[in-house]
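The next block is target.pdb, given as PDB, C-alpha atoms.
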ATOM      1  CA  MET A   1     -40.931  45.457  16.981
ATOM      2  CA  PHE A   2     -40.416  42.906  14.241
ATOM      3  CA  THR A   3     -43.360  41.135  12.821
ATOM      4  CA  PHE A   4     -42.733  38.158  10.567
ATOM      5  CA  GLN A   5     -45.159  36.327   8.425
ATOM      6  CA  PRO A   6     -44.732  32.542   8.465
ATOM      7  CA  ILE A   7     -43.567  32.586   4.832
ATOM      8  CA  GLU A   8     -40.876  35.143   5.606
ATOM      9  CA  LEU A   9     -39.638  33.049   8.526
ATOM     10  CA  LEU A  10     -39.521  30.013   6.238
ATOM     11  CA  ILE A  11     -37.530  31.970   3.620
ATOM     12  CA  ILE A  12     -35.045  33.157   6.243
ATOM     13  CA  LEU A  13     -34.585  29.616   7.612
ATOM     14  CA  PHE A  14     -34.088  28.250   4.090
ATOM     15  CA  ALA A  15     -31.538  30.982   3.291
ATOM     16  CA  CYS A  16     -29.617  30.216   6.513
ATOM     17  CA  PHE A  17     -29.662  26.501   5.693
ATOM     18  CA  ALA A  18     -28.405  27.174   2.140
ATOM     19  CA  LEU A  19     -25.667  29.466   3.463
ATOM     20  CA  VAL A  20     -24.457  26.976   6.082
ATOM     21  CA  SER A  21     -24.516  24.031   3.669
ATOM     22  CA  GLY A  22     -22.734  26.030   0.949
ATOM     23  CA  LEU A  23     -20.004  27.169   3.320
ATOM     24  CA  SER A  24     -19.506  23.665   4.688
ATOM     25  CA  PHE A  25     -19.276  22.336   1.120
ATOM     26  CA  LEU A  26     -16.564  24.893   0.316
ATOM     27  CA  ILE A  27     -14.684  24.074   3.521
ATOM     28  CA  LEU A  28     -14.742  20.338   2.765
ATOM     29  CA  ARG A  29     -13.645  20.957  -0.820
ATOM     30  CA  ARG A  30     -10.706  23.096   0.320
ATOM     31  CA  ARG A  31      -9.775  20.466   2.925
ATOM     32  CA  ASP A  32      -9.782  17.791   0.217
ATOM     33  CA  GLU A  33      -7.490  19.909  -1.987
ATOM     34  CA  ILE A  34      -5.071  20.485   0.895
ATOM     35  CA  LEU A  35      -4.975  16.775   1.770
ATOM     36  CA  GLN A  36      -4.510  15.799  -1.859
ATOM     37  CA  ASP A  37      -1.584  18.198  -2.244
ATOM     38  CA  PHE A  38      -0.054  16.907   0.982
ATOM     39  CA  LEU A  39      -0.489  13.177   0.291
ATOM     40  CA  THR A  40       0.228  13.077  -3.447
ATOM     41  CA  PRO A  41       3.920  12.647  -4.371
ATOM     42  CA  ASP A  42       5.666  15.134  -6.611
ATOM     43  CA  GLU A  43       5.764  12.725  -9.554
ATOM     44  CA  PRO A  44       2.316  12.742 -11.161
ATOM     45  CA  ASN A  45       2.599   9.396 -12.974
ATOM     46  CA  ILE A  46       2.077   6.941 -10.135
ATOM     47  CA  GLU A  47       0.938   4.082 -12.405
ATOM     48  CA  GLN A  48       4.158   4.086 -14.401
ATOM     49  CA  GLU A  49       6.223   4.146 -11.213
ATOM     50  CA  PHE A  50       4.201   1.269  -9.727
ATOM     51  CA  PHE A  51       4.468  -1.006 -12.768
ATOM     52  CA  GLN A  52       8.101  -0.172 -13.475
ATOM     53  CA  ARG A  53      10.322  -3.246 -13.584
ATOM     54  CA  LYS A  54      13.165  -3.498 -11.158
ATOM     55  CA  PRO A  55      16.623  -3.855 -12.695
ATOM     56  CA  VAL A  56      17.789  -7.442 -12.873
ATOM     57  CA  GLU A  57      20.490  -8.165 -10.348
ATOM     58  CA  GLU A  58      23.294 -10.404 -11.499
ATOM     59  CA  PRO A  59      23.787 -13.360  -9.184
ATOM     60  CA  ALA A  60      26.909 -13.106  -7.109
ATOM     61  CA  GLU A  61      29.559 -15.644  -8.000
ATOM     62  CA  PRO A  62      30.356 -17.959  -5.103
ATOM     63  CA  GLU A  63      33.794 -17.568  -3.656
ATOM     64  CA  GLU A  64      36.168 -20.416  -4.372
ATOM     65  CA  VAL A  65      37.106 -22.172  -1.181
ATOM     66  CA  HIS A  66      40.161 -24.406  -1.272
ATOM     67  CA  GLU A  67      39.790 -26.748   1.665
ATOM     68  CA  GLU A  68      40.697 -30.329   2.132
ATOM     69  CA  ALA A  69      37.858 -32.752   1.592
ATOM     70  CA  THR A  70      36.368 -33.525   4.973
ATOM     71  CA  VAL A  71      33.552 -35.906   5.738
ATOM     72  CA  THR A  72      30.650 -34.043   7.150
ATOM     73  CA  GLU A  73      28.053 -35.487   9.444
ATOM     74  CA  ALA A  74      25.476 -35.607   6.641
ATOM     75  CA  GLU A  75      27.838 -37.576   4.391
ATOM     76  CA  SER A  76      28.699 -40.094   7.124
ATOM     77  CA  LEU A  77      25.084 -41.179   7.635
ATOM     78  CA  PRO A  78      23.808 -44.077   5.517
ATOM     79  CA  ASP A  79      21.712 -43.208   2.497
ATOM     80  CA  ILE A  80      18.165 -43.523   3.741
ATOM     81  CA  SER A  81      15.473 -42.696   1.268
ATOM     82  CA  TRP A  82      11.740 -42.916   1.332
ATOM     83  CA  GLY A  83      10.201 -46.334   1.038
ATOM     84  CA  VAL A  84      11.950 -49.634   1.593
ATOM     85  CA  ASN A  85      15.683 -49.524   2.330
ATOM     86  CA  GLU A  86      18.196 -52.277   1.604
ATOM     87  CA  GLN A  87      18.277 -53.723   5.133
ATOM     88  CA  GLN A  88      14.561 -54.385   5.162
ATOM     89  CA  GLU A  89      14.754 -56.173   1.787
ATOM     90  CA  GLN A  90      17.218 -58.798   3.100
TER      91      GLN A  90
END
Structure translated into structure tokens:
Amino acid sequence: MFTFQPIELLIILFACFALVSGLSFLILRRRDEILQDFLTPDEPNIEQEFFQRKPVEEPAEPEEVHEEATVTEAESLPDISWGVNEQQEQ
């Protein structure tokens, strides 16, 4: 039937290897293009968008509260600060 010389068999195996590796390279390249199109946003200038400054927000003015002056719990406690207090000095 078919008779192959060893060199012919080697050429056929090399051609099959080149064909398979070339096709896999093309498949991976196409996959990369599809993923890049899918994952990349519509705006091409990502750097400018990333480094863009946010607008400065004006601080909200506190609402004026008209209440009678009441002594809170924090104000009723004696003034204790770090270190030696007045009672220990006497």
Report the distance between atom CA of A:Pro6 and atom CA of A:Gly22 in Å, rounded to one decimal place.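 These two atoms are separated by 24.1 Å.
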Do you have the atom CA of A:Phe50-atom CA of A:Asp37 distance handy?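 Calculated distance between atom CA of A:Phe50 and atom CA of A:Asp37 is 19.4 Å.
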Quick one: distance from atom CA of A:Ile11 to atom CA of A:Arg29 in Å, one decimal? 26.7 Å
Enclose all atoms of stretch 13-31 of chain A listed in the file in an axis-aligned box, grow every side by 6 Å, and hand back centre and edge lengths in Å to one decimal, as AutoDock Vina command-line options.
--center_x -22.2 --center_y 25.7 --center_z 3.4 --size_x 36.8 --size_y 22.6 --size_z 20.4
